[in-house]
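Listing of entry_17.cif, mmCIF, C-alpha atoms
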```
data_target
#
loop_
_atom_site.label_atom_id
_atom_site.label_comp_id
_atom_site.auth_asym_id
_atom_site.auth_seq_id
_atom_site.Cartn_x
_atom_site.Cartn_y
_atom_site.Cartn_z
CA MET A 1 203.51 -149.83 219.95
CA LYS A 2 201.56 -149.22 223.15
CA LYS A 3 200.75 -151.03 226.38
CA TRP A 4 197.31 -151.32 227.90
CA GLN A 5 196.54 -152.25 231.46
CA CYS A 6 193.45 -153.97 232.80
CA VAL A 7 192.24 -151.70 235.60
CA VAL A 8 190.58 -154.59 237.42
CA CYS A 9 193.49 -157.03 237.75
CA GLY A 10 196.55 -155.18 236.47
CA PHE A 11 197.18 -157.45 233.47
CA ILE A 12 199.22 -155.67 230.81
CA TYR A 13 198.67 -156.12 227.09
CA ASN A 14 201.74 -155.13 225.14
CA GLU A 15 200.96 -154.53 221.47
CA ALA A 16 204.57 -155.37 220.54
CA ASP A 17 204.26 -158.84 222.10
CA GLY A 18 200.65 -159.64 221.27
CA LEU A 19 199.25 -162.79 222.88
CA PRO A 20 200.43 -165.63 220.63
CA ASP A 21 198.89 -168.22 223.01
CA GLU A 22 195.49 -166.71 222.27
CA GLY A 23 196.09 -166.32 218.57
CA ILE A 24 196.83 -162.60 218.77
CA THR A 25 200.03 -162.07 216.83
CA ALA A 26 202.83 -159.79 217.96
CA GLY A 27 202.25 -156.23 216.82
CA THR A 28 198.44 -156.37 217.00
CA ALA A 29 197.12 -152.91 217.82
CA TRP A 30 194.62 -152.63 220.67
CA THR A 31 191.97 -151.34 218.26
CA ASN A 32 192.25 -154.55 216.24
CA ILE A 33 191.48 -156.84 219.16
CA PRO A 34 187.91 -158.15 218.91
CA GLU A 35 185.30 -156.46 221.11
CA ASP A 36 184.29 -159.79 222.68
CA TRP A 37 187.84 -160.47 223.83
CA ALA A 38 188.21 -160.79 227.60
CA CYS A 39 191.16 -160.17 229.88
CA PRO A 40 193.00 -163.52 230.13
CA GLU A 41 193.63 -163.03 233.84
CA CYS A 42 190.32 -161.79 235.22
CA GLY A 43 187.72 -162.12 232.46
CA VAL A 44 186.81 -158.42 232.19
CA SER A 45 185.69 -157.59 228.67
CA LYS A 46 187.49 -155.19 226.37
CA ALA A 47 184.27 -153.34 225.62
CA ASP A 48 184.05 -152.31 229.25
CA PHE A 49 186.77 -149.68 228.78
CA GLU A 50 188.65 -151.47 231.50
CA MET A 51 192.02 -150.92 229.87
CA VAL A 52 193.98 -147.73 230.22
CA GLU A 53 196.80 -146.58 228.02
CA MET A 54 200.06 -146.75 229.96
CA ALA A 55 202.62 -145.15 227.70
CA MET B 1 158.57 -146.63 227.53
CA ALA B 2 159.28 -147.46 231.13
CA ASP B 3 156.23 -147.83 233.27
CA ALA B 4 156.42 -145.20 236.01
CA HIS B 5 155.07 -147.76 238.43
CA MET B 6 157.43 -150.51 237.34
CA LYS B 7 159.23 -151.88 240.37
CA PRO B 8 163.00 -151.69 240.11
CA ILE B 9 165.64 -154.34 240.10
CA VAL B 10 167.49 -153.64 243.34
CA ILE B 11 171.16 -154.54 243.78
CA LEU B 12 172.62 -154.66 247.29
CA GLY B 13 176.31 -153.91 246.95
CA THR B 14 178.46 -151.73 244.68
CA GLY B 15 181.65 -153.75 244.56
CA LEU B 16 182.89 -155.50 241.44
CA ALA B 17 179.97 -157.96 241.58
CA GLY B 18 177.20 -155.37 241.90
CA TYR B 19 178.61 -152.96 239.34
CA THR B 20 179.45 -155.67 236.82
CA VAL B 21 175.91 -157.09 236.95
CA ALA B 22 174.51 -153.58 236.53
CA ARG B 23 176.76 -152.80 233.59
CA GLU B 24 176.15 -156.11 231.83
CA PHE B 25 172.41 -155.73 232.39
CA ARG B 26 172.39 -152.22 230.91
CA LYS B 27 174.08 -153.55 227.77
CA LEU B 28 171.01 -155.73 227.27
CA GLU B 29 168.18 -153.65 228.71
CA GLN B 30 167.73 -149.92 229.33
CA GLU B 31 164.14 -149.57 230.50
CA THR B 32 163.87 -151.39 233.82
CA PRO B 33 164.61 -149.05 236.73
CA LEU B 34 167.75 -150.01 238.60
CA VAL B 35 168.44 -149.10 242.23
CA MET B 36 171.74 -149.84 243.94
CA LEU B 37 172.34 -149.63 247.68
CA SER B 38 175.92 -149.20 248.86
CA ALA B 39 177.30 -149.62 252.37
CA ASP B 40 180.10 -147.16 251.53
CA ASP B 41 180.46 -144.14 249.24
CA GLY B 42 179.48 -146.22 246.22
CA GLY B 43 182.65 -145.36 244.31
CA TYR B 44 183.76 -147.89 241.70
CA TYR B 45 187.19 -149.42 242.21
CA SER B 46 188.86 -152.76 241.70
CA LYS B 47 189.29 -154.74 244.89
CA PRO B 48 192.13 -156.94 243.56
CA MET B 49 194.23 -153.79 243.15
CA LEU B 50 194.20 -153.16 246.92
CA SER B 51 196.96 -155.70 247.50
CA ASN B 52 199.42 -154.29 244.96
CA ALA B 53 198.72 -150.56 245.00
CA LEU B 54 201.35 -149.54 247.49
CA ALA B 55 204.52 -150.20 245.50
CA GLN B 56 202.91 -148.22 242.66
CA GLY B 57 202.45 -145.36 245.09
CA LYS B 58 198.69 -145.34 244.65
CA SER B 59 196.55 -143.60 247.26
CA ALA B 60 193.02 -144.70 248.08
CA ASP B 61 191.77 -141.81 245.94
CA ALA B 62 193.91 -142.89 242.99
CA LEU B 63 192.22 -146.32 243.12
CA LEU B 64 188.82 -144.76 242.56
CA LEU B 65 187.83 -145.35 238.93
CA SER B 66 184.42 -143.61 239.00
CA SER B 67 182.37 -141.89 241.69
CA ALA B 68 178.88 -143.06 242.63
CA ASP B 69 177.42 -140.11 240.70
CA GLN B 70 179.36 -141.01 237.57
CA MET B 71 178.26 -144.64 237.88
CA ALA B 72 174.64 -143.59 238.39
CA SER B 73 174.61 -141.63 235.16
CA GLN B 74 176.55 -144.28 233.20
CA LEU B 75 174.26 -147.04 234.38
CA HIS B 76 171.08 -145.00 234.37
CA ALA B 77 170.61 -146.17 237.95
CA GLU B 78 169.70 -144.64 241.27
CA ILE B 79 172.59 -145.23 243.70
CA TYR B 80 172.25 -144.68 247.44
CA PRO B 81 175.63 -144.36 249.18
CA ASN B 82 175.93 -145.12 252.91
CA ALA B 83 172.74 -147.16 252.83
CA GLU B 84 172.17 -149.21 255.94
CA VAL B 85 170.02 -152.13 254.95
CA SER B 86 168.20 -153.46 258.01
CA ALA B 87 166.06 -156.20 256.51
CA ILE B 88 165.08 -158.12 253.40
CA GLU B 89 161.43 -159.23 253.27
CA PRO B 90 161.20 -161.90 250.56
CA ASP B 91 157.41 -162.40 250.81
CA ALA B 92 156.67 -158.70 250.41
CA GLN B 93 159.57 -158.32 247.89
CA ARG B 94 160.83 -155.40 249.88
CA VAL B 95 164.07 -154.18 251.47
CA ARG B 96 164.27 -151.84 254.44
CA PHE B 97 167.08 -149.32 254.58
CA ASN B 98 167.79 -145.95 256.23
CA ASN B 99 164.34 -145.91 257.87
CA THR B 100 162.60 -146.28 254.55
CA GLU B 101 161.51 -149.19 252.40
CA LEU B 102 161.79 -150.15 248.78
CA GLU B 103 159.83 -152.73 246.79
CA TYR B 104 161.69 -154.72 244.18
CA GLN B 105 160.71 -156.90 241.25
CA HIS B 106 164.02 -158.69 241.67
CA LEU B 107 166.75 -158.39 244.27
CA VAL B 108 170.44 -159.10 243.64
CA LEU B 109 172.68 -159.80 246.61
CA ALA B 110 176.24 -158.69 245.81
CA LEU B 111 177.22 -158.21 249.43
CA GLY B 112 180.80 -159.42 249.38
CA ALA B 113 182.67 -160.98 252.27
CA ASP B 114 184.10 -159.97 255.63
CA PRO B 115 187.66 -160.69 256.72
CA PHE B 116 188.05 -163.43 259.29
CA ARG B 117 189.16 -162.13 262.66
CA LEU B 118 191.34 -164.35 264.80
CA PRO B 119 190.34 -164.62 268.44
CA LEU B 120 193.24 -162.77 270.07
CA GLN B 121 194.23 -161.71 273.56
CA GLY B 122 195.87 -158.44 274.50
CA ASP B 123 195.10 -154.75 274.76
CA ALA B 124 195.78 -153.87 271.11
CA VAL B 125 193.43 -156.26 269.33
CA ASP B 126 191.50 -153.27 267.97
CA ALA B 127 194.69 -151.99 266.37
CA VAL B 128 194.91 -155.05 264.09
CA LEU B 129 193.96 -153.88 260.59
CA SER B 130 192.61 -155.68 257.58
CA VAL B 131 192.23 -154.37 254.05
CA ASN B 132 188.96 -155.48 252.54
CA ASP B 133 187.80 -152.32 250.80
CA ARG B 134 189.01 -148.91 249.69
CA ALA B 135 188.26 -147.24 253.05
CA ASP B 136 190.31 -149.96 254.81
CA TYR B 137 193.12 -149.29 252.37
CA ALA B 138 193.01 -145.57 253.19
CA ARG B 139 193.21 -146.37 256.93
CA PHE B 140 196.07 -148.78 256.32
CA ARG B 141 197.99 -146.19 254.27
CA THR B 142 197.61 -143.67 257.08
CA ALA B 143 198.70 -146.22 259.69
CA ILE B 144 201.91 -147.18 257.88
CA GLU B 145 202.87 -143.61 256.99
CA GLY B 146 206.39 -143.01 258.30
CA LYS B 147 206.48 -146.48 259.89
CA LYS B 148 208.74 -149.40 259.12
CA ARG B 149 207.84 -152.75 260.69
CA ILE B 150 204.73 -154.63 259.57
CA VAL B 151 203.55 -158.01 260.77
CA ILE B 152 201.12 -159.88 258.52
CA LEU B 153 198.86 -162.53 260.03
CA GLY B 154 198.34 -165.25 257.43
CA GLY B 155 200.57 -166.41 254.57
CA GLY B 156 197.83 -167.15 252.05
CA LEU B 157 197.39 -165.50 248.65
CA ILE B 158 196.53 -162.08 250.02
CA GLY B 159 199.15 -162.23 252.77
CA CYS B 160 201.87 -163.04 250.22
CA GLU B 161 200.64 -160.30 247.86
CA PHE B 162 200.73 -157.67 250.61
CA ALA B 163 204.12 -158.91 251.82
CA ASN B 164 205.58 -158.56 248.33
CA ASP B 165 203.99 -155.15 247.78
CA LEU B 166 205.05 -153.76 251.18
CA THR B 167 208.60 -155.08 250.87
CA ILE B 168 209.06 -153.47 247.45
CA ALA B 169 207.71 -150.25 248.95
CA GLY B 170 210.50 -150.39 251.54
CA TYR B 171 208.81 -151.92 254.59
CA GLN B 172 210.20 -154.61 256.85
CA VAL B 173 207.66 -157.43 256.73
CA SER B 174 207.15 -160.50 258.92
CA ILE B 175 204.50 -163.12 258.17
CA ILE B 176 203.03 -165.49 260.73
CA ASP B 177 201.22 -168.57 259.46
CA ILE B 178 200.07 -171.70 261.22
CA GLY B 179 201.03 -173.93 258.27
CA THR B 180 204.46 -175.40 257.60
CA HIS B 181 204.56 -173.56 254.26
CA PRO B 182 202.73 -170.54 252.82
CA LEU B 183 199.63 -170.72 250.60
CA GLY B 184 198.13 -173.56 252.64
CA ARG B 185 196.16 -176.22 250.84
CA LEU B 186 195.98 -174.35 247.55
CA VAL B 187 199.39 -175.60 246.48
CA PRO B 188 201.68 -178.56 247.22
CA GLU B 189 204.41 -177.96 249.75
CA GLU B 190 207.18 -177.64 247.14
CA ILE B 191 205.45 -174.61 245.60
CA GLY B 192 204.82 -173.05 249.01
CA ARG B 193 208.51 -173.43 249.81
CA VAL B 194 209.51 -171.63 246.61
CA MET B 195 207.24 -168.72 247.57
CA ARG B 196 208.70 -168.71 251.08
CA ASP B 197 212.28 -168.67 249.79
CA LYS B 198 211.70 -166.01 247.11
CA LEU B 199 209.96 -163.67 249.53
CA MET B 200 212.72 -164.34 252.05
CA THR B 201 215.25 -163.28 249.41
CA ILE B 202 213.62 -159.87 249.11
CA GLY B 203 213.57 -159.54 252.90
CA VAL B 204 210.37 -161.14 254.28
CA ASP B 205 210.82 -162.73 257.70
CA TRP B 206 208.73 -165.92 258.13
CA HIS B 207 207.29 -167.40 261.31
CA LEU B 208 205.72 -170.65 260.11
CA GLY B 209 204.02 -173.38 262.10
CA GLN B 210 202.95 -170.80 264.66
CA SER B 211 199.85 -168.89 265.58
CA VAL B 212 199.40 -165.53 267.24
CA THR B 213 198.04 -165.48 270.75
CA ALA B 214 198.12 -161.80 271.68
CA VAL B 215 198.66 -158.29 270.38
CA ASP B 216 199.51 -155.63 272.95
CA HIS B 217 200.60 -152.02 272.97
CA ALA B 218 204.29 -151.67 273.67
CA ASN B 219 206.46 -148.64 274.30
CA ASP B 220 207.23 -148.13 270.69
CA GLY B 221 204.40 -149.75 268.71
CA LEU B 222 202.84 -153.19 269.08
CA ARG B 223 204.04 -156.43 270.60
CA ILE B 224 202.87 -159.71 269.07
CA THR B 225 203.00 -162.90 271.11
CA LEU B 226 203.32 -166.17 269.17
CA SER B 227 202.18 -169.61 270.30
CA SER B 228 205.85 -170.49 270.84
CA ASP B 229 205.98 -167.56 273.33
CA LYS B 230 208.29 -165.76 270.95
CA LEU B 231 207.68 -162.00 270.83
CA LEU B 232 207.72 -159.79 267.74
CA GLU B 233 207.60 -156.04 267.58
CA ALA B 234 205.79 -154.12 264.89
CA ASP B 235 204.39 -150.72 264.06
CA VAL B 236 201.35 -152.14 262.27
CA VAL B 237 199.68 -155.56 262.27
CA LEU B 238 197.74 -156.56 259.15
CA SER B 239 195.37 -159.50 259.30
CA ALA B 240 195.00 -161.49 256.05
CA ILE B 241 193.52 -164.75 257.29
CA GLY B 242 190.76 -165.17 254.75
CA LEU B 243 187.21 -164.16 253.95
CA ARG B 244 183.80 -165.15 255.17
CA PRO B 245 180.74 -164.58 252.92
CA ARG B 246 178.39 -161.88 254.26
CA ILE B 247 175.26 -163.84 255.07
CA THR B 248 173.69 -162.05 258.04
CA LEU B 249 170.95 -160.25 256.08
CA ALA B 250 170.14 -163.37 254.07
CA ALA B 251 170.02 -165.43 257.26
CA ALA B 252 167.55 -163.03 258.88
CA ALA B 253 165.44 -163.19 255.70
CA GLY B 254 165.27 -166.99 255.99
CA LEU B 255 167.22 -167.76 252.81
CA ILE B 256 169.00 -171.12 252.62
CA LEU B 257 172.65 -170.80 253.59
CA ASN B 258 175.64 -173.04 253.73
CA ARG B 259 179.11 -171.48 253.71
CA GLY B 260 177.63 -168.73 251.53
CA ILE B 261 174.17 -167.76 250.31
CA VAL B 262 173.12 -170.88 248.45
CA THR B 263 172.15 -170.47 244.78
CA ASP B 264 171.45 -172.80 241.89
CA ARG B 265 173.15 -172.66 238.50
CA HIS B 266 170.95 -169.68 237.61
CA LEU B 267 172.24 -167.79 240.68
CA THR B 268 168.76 -167.92 242.19
CA THR B 269 168.59 -168.25 245.96
CA SER B 270 165.90 -170.20 247.83
CA SER B 271 163.62 -167.18 247.20
CA MET B 272 162.74 -167.02 243.49
CA HIS B 273 162.94 -163.23 243.29
CA ILE B 274 166.36 -163.03 244.92
CA SER B 275 169.71 -163.82 243.26
CA ALA B 276 173.21 -163.79 244.71
CA LEU B 277 176.68 -163.67 243.21
CA GLY B 278 180.29 -162.89 244.01
CA ASP B 279 182.01 -163.36 247.35
CA CYS B 280 178.73 -163.74 249.32
CA ALA B 281 177.35 -166.54 247.17
CA GLU B 282 177.73 -170.30 247.09
CA VAL B 283 176.95 -171.20 243.49
CA SER B 284 176.15 -174.85 242.96
CA GLY B 285 178.23 -175.76 246.03
CA LEU B 286 181.19 -173.49 245.19
CA VAL B 287 182.37 -170.41 247.08
CA LEU B 288 184.94 -168.83 244.74
CA PRO B 289 186.03 -165.38 245.93
CA PHE B 290 187.97 -164.51 242.76
CA VAL B 291 187.37 -162.10 239.91
CA MET B 292 186.99 -164.55 237.04
CA PRO B 293 184.03 -166.53 238.47
CA LEU B 294 182.45 -163.24 239.51
CA MET B 295 182.65 -161.91 235.93
CA ALA B 296 181.20 -165.13 234.49
CA ALA B 297 178.37 -165.06 237.05
CA ALA B 298 177.63 -161.37 236.41
CA ARG B 299 177.28 -161.91 232.66
CA ASN B 300 174.98 -164.87 233.15
CA LEU B 301 172.86 -163.11 235.73
CA ALA B 302 172.50 -160.03 233.51
CA LYS B 303 171.07 -162.23 230.75
CA THR B 304 168.69 -163.92 233.18
CA LEU B 305 167.52 -160.55 234.53
CA ALA B 306 166.94 -159.37 230.96
CA GLY B 307 164.60 -162.32 230.40
CA ASP B 308 166.97 -164.86 228.82
CA THR B 309 167.38 -167.43 231.60
CA THR B 310 170.99 -168.54 231.49
CA ALA B 311 172.81 -171.11 233.63
CA VAL B 312 176.29 -170.34 234.88
CA HIS B 313 179.11 -172.14 233.16
CA TYR B 314 182.57 -171.84 234.69
CA PRO B 315 185.54 -172.76 232.52
CA ALA B 316 188.87 -173.56 234.17
CA MET B 317 189.68 -170.34 236.00
CA PRO B 318 193.34 -169.98 236.96
CA VAL B 319 194.19 -167.41 239.61
CA VAL B 320 197.18 -165.20 238.94
CA VAL B 321 198.82 -164.30 242.24
CA LYS B 322 200.16 -160.75 242.28
CA THR B 323 203.60 -161.47 243.72
CA PRO B 324 205.95 -159.89 241.14
CA SER B 325 209.04 -161.17 242.97
CA CYS B 326 207.74 -164.71 242.56
CA PRO B 327 205.18 -165.04 239.75
CA LEU B 328 202.61 -167.72 240.59
CA VAL B 329 199.50 -168.97 238.87
CA ILE B 330 197.29 -171.64 240.39
CA SER B 331 194.29 -173.65 239.35
CA PRO B 332 193.60 -175.84 242.38
CA PRO B 333 192.00 -179.24 241.74
CA ALA B 334 188.35 -179.63 242.81
CA ALA B 335 187.90 -180.47 246.50
CA ASN B 336 186.86 -184.05 245.70
CA ALA B 337 189.37 -184.63 242.88
CA GLU B 338 191.41 -187.82 243.15
CA GLY B 339 194.96 -187.82 241.95
CA THR B 340 198.49 -186.89 242.86
CA TRP B 341 200.83 -183.94 242.43
CA HIS B 342 203.71 -184.36 240.00
CA ILE B 343 206.44 -181.85 240.58
CA GLU B 344 209.17 -180.76 238.25
CA ALA B 345 211.58 -178.18 239.59
CA SER B 346 214.33 -176.23 237.91
CA ASP B 347 216.42 -173.31 239.13
CA SER B 348 214.11 -170.77 237.62
CA GLY B 349 210.69 -172.30 238.13
CA THR B 350 208.61 -175.15 239.45
CA GLU B 351 205.75 -176.90 237.75
CA ALA B 352 203.29 -178.81 239.94
CA LEU B 353 200.68 -180.77 238.03
CA PHE B 354 197.81 -182.58 239.72
CA ARG B 355 196.93 -185.60 237.62
CA ALA B 356 194.30 -188.34 237.92
CA THR B 357 195.47 -191.96 237.71
CA ASP B 358 194.61 -191.96 233.99
CA GLY B 359 196.94 -188.99 233.51
CA ALA B 360 194.25 -186.35 233.03
CA LEU B 361 195.29 -182.92 234.30
CA LEU B 362 192.96 -181.77 237.12
CA GLY B 363 194.85 -178.79 238.56
CA TYR B 364 198.17 -177.01 238.64
CA ALA B 365 200.44 -174.57 240.39
CA LEU B 366 203.13 -172.88 238.30
CA ILE B 367 205.77 -170.69 239.85
CA GLY B 368 208.63 -168.64 238.41
CA THR B 369 209.40 -169.21 234.73
CA ALA B 370 206.94 -172.15 234.72
CA THR B 371 204.11 -169.57 234.59
CA ALA B 372 204.92 -169.20 230.88
CA HIS B 373 203.12 -172.53 230.32
CA LYS B 374 199.89 -171.34 231.94
CA GLN B 375 197.87 -171.18 228.72
CA ALA B 376 198.93 -174.61 227.47
CA PHE B 377 198.03 -176.30 230.77
CA THR B 378 194.78 -174.36 231.21
CA LYS B 379 193.56 -175.75 227.89
CA GLN B 380 193.91 -179.27 229.32
CA LEU B 381 191.93 -178.58 232.51
CA PRO B 382 188.32 -179.65 233.00
CA ALA B 383 185.66 -176.93 233.37
CA VAL B 384 184.88 -175.98 236.98
CA LEU B 385 181.14 -176.06 236.21
CA PRO B 386 180.64 -177.67 232.79
#
```

Will you turn the file into structure tokens for me?
Amino acid sequence: MKKWQCVVCGFIYNEADGLPDEGITAGTAWTNIPEDWACPECGVSKADFEMVEMA
Amino acid sequence: MADAHMKPIVILGTGLAGYTVAREFRKLEQETPLVMLSADDGGYYSKPMLSNALAQGKSADALLLSSADQMASQLHAEIYPNAEVSAIEPDAQRVRFNNTELEYQHLVLALGADPFRLPLQGDAVDAVLSVNDRADYARFRTAIEGKKRIVILGGGLIGCEFANDLTIAGYQVSIIDIGTHPLGRLVPEEIGRVMRDKLMTIGVDWHLGQSVTAVDHANDGLRITLSSDKLLEADVVLSAIGLRPRITLAAAAGLILNRGIVTDRHLTTSSMHISALGDCAEVSGLVLPFVMPLMAAARNLAKTLAGDTTAVHYPAMPVVVKTPSCPLVISPPAANAEGTWHIEASDSGTEALFRATDGALLGYALIGTATAHKQAFTKQLPAVLP
């Protein structure tokens, strides 16, 4: 399980936690998140390579 | 094939607004020449990260995501760093910069905003810093190197973010704000008090209900005089009073202005070949200097520039305040919204809900553990621009 950080606002997506509020179940790998998904805190799109692998 | 004589789309500004429009546009269209003029080095970075970079030990260089050259090749654009734009000529569809001129087919104003400066007395007014871009951040980092005491002018969102960041990084922080509680009119008093108390717990020293009258050099740093005649000593003074849209160029060009550069729902200014977005723009009556509206506007404008005229739609856009010691998310009610705040406080969090008389949720401020309910409440909020 990995974490990904939005480089624009600092939001962290943790694959282990998912985003149940948005219908993304715990354990969802980053690669399986839809390309049109946007950062829930700042609206930056996934496709914009705005996330960096943290660890 | 691109017409060699095709006039470019010109974007003034290479902040988040300018670069996001350019990137979204290039996803849709690759042929139209794109020229970007930057007041600084044109490097791509995220402005929101300036107020929480310190505790992470990030230097100004570490905040740079891509250089101007890298952006130019990614975006297939010509980028001029250190461009001094002297005039916009809407009738001739031309901008003047660095003693040259450039004709555009369409001009995008992504100029950003300037920090407010308080009118202050004293011999050290020039020493008061603000952090509005990456170069400011570099100067600020140099100024606080090896120092300890920092006074922040203004206890709004940015002031609280800096206070939290600096305190975690080991600095001794005082905040001066004219209001009786931090965060001003964005939140009800109860929420402001929670922020005050939490930041106090980690060591922030508050001076509320007071303004600053003077900043002077003292033997060992700076001396700040408050309206109560109280004196504070500091090594560095950081001003975080708020932002003012950059409108000077647009004013000289005769564009219609209000608080910002006035645009319609299509982000078009009073000149049909000029658009504006981001912190410099007033879109359909709203000046919203936050990332989420900027992203929505950039996507819409990119479509319009690519020939698919698209009106801006803003959903509810909560703002997450980067104060890790006191998590806060706010979605302030519209300026003309009628209703009242309903507050529910527990030891670990406070929920403030702004409801109309019929019970409809029009805004909120959630602090502490209450931030966990952000998504559920956001779903109930009306769109900012339906």

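Among the candidates B:Trp206, B:Phe116, B:Phe290, B:Phe162, the residue lying nearest to Val8 of chain A is B:Phe290 (atoms considered: only C-alpha atoms).
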
The residue from B:Ala62, B:Ala276, B:Val291, B:Ala352 with the smallest atom-to-atom distance to chain A, counting all atoms listed in the file, is B:Val291

Expanded to explicit residues, what is the PyMOL selection byres ((chain A and resi 18) around 12) for this file, as a PDB file with C-alpha atoms, keeping the file's coordinate frame?
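Listing of out18.pdb after writing:
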```
ATOM      1  CA  MET A   1     203.510-149.830 219.950  1.00  0.00           C
ATOM      2  CA  LYS A   2     201.560-149.220 223.150  1.00  0.00           C
ATOM      3  CA  LYS A   3     200.750-151.030 226.380  1.00  0.00           C
ATOM      4  CA  TRP A   4     197.310-151.320 227.900  1.00  0.00           C
ATOM      5  CA  ILE A  12     199.220-155.670 230.810  1.00  0.00           C
ATOM      6  CA  TYR A  13     198.670-156.120 227.090  1.00  0.00           C
ATOM      7  CA  ASN A  14     201.740-155.130 225.140  1.00  0.00           C
ATOM      8  CA  GLU A  15     200.960-154.530 221.470  1.00  0.00           C
ATOM      9  CA  ALA A  16     204.570-155.370 220.540  1.00  0.00           C
ATOM     10  CA  ASP A  17     204.260-158.840 222.100  1.00  0.00           C
ATOM     11  CA  LEU A  19     199.250-162.790 222.880  1.00  0.00           C
ATOM     12  CA  PRO A  20     200.430-165.630 220.630  1.00  0.00           C
ATOM     13  CA  ASP A  21     198.890-168.220 223.010  1.00  0.00           C
ATOM     14  CA  GLU A  22     195.490-166.710 222.270  1.00  0.00           C
ATOM     15  CA  GLY A  23     196.090-166.320 218.570  1.00  0.00           C
ATOM     16  CA  ILE A  24     196.830-162.600 218.770  1.00  0.00           C
ATOM     17  CA  THR A  25     200.030-162.070 216.830  1.00  0.00           C
ATOM     18  CA  ALA A  26     202.830-159.790 217.960  1.00  0.00           C
ATOM     19  CA  GLY A  27     202.250-156.230 216.820  1.00  0.00           C
ATOM     20  CA  THR A  28     198.440-156.370 217.000  1.00  0.00           C
ATOM     21  CA  ALA A  29     197.120-152.910 217.820  1.00  0.00           C
ATOM     22  CA  TRP A  30     194.620-152.630 220.670  1.00  0.00           C
ATOM     23  CA  ASN A  32     192.250-154.550 216.240  1.00  0.00           C
ATOM     24  CA  ILE A  33     191.480-156.840 219.160  1.00  0.00           C
TER      25      ILE A  33
END
```

Compute the chain A side of the contact with chain B at 9 Å, counting only C-alpha atoms, and hand it back as a ChimeraX atom specification. /A:7-10,21-22,41-45,48

Would you kindly return, as an MDAnalysis selection string, each protein, DNA or RNA residue with an atom no farther than 6 Å from any atom of Trp37 of chain A, considering all atoms listed in the file and excluding same-chain residues fewer than 2 positions away? chainID A and resid 34:35 46

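Taking atom CA of Phe377 of chain B and atom CA of Arg355 of chain B as endpoints, the distance between them is 11.6 Å.
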
So how many Å separate atom CA of Gly43 of chain B and atom CA of Ala252 of chain B, to one decimal? 27.4 Å
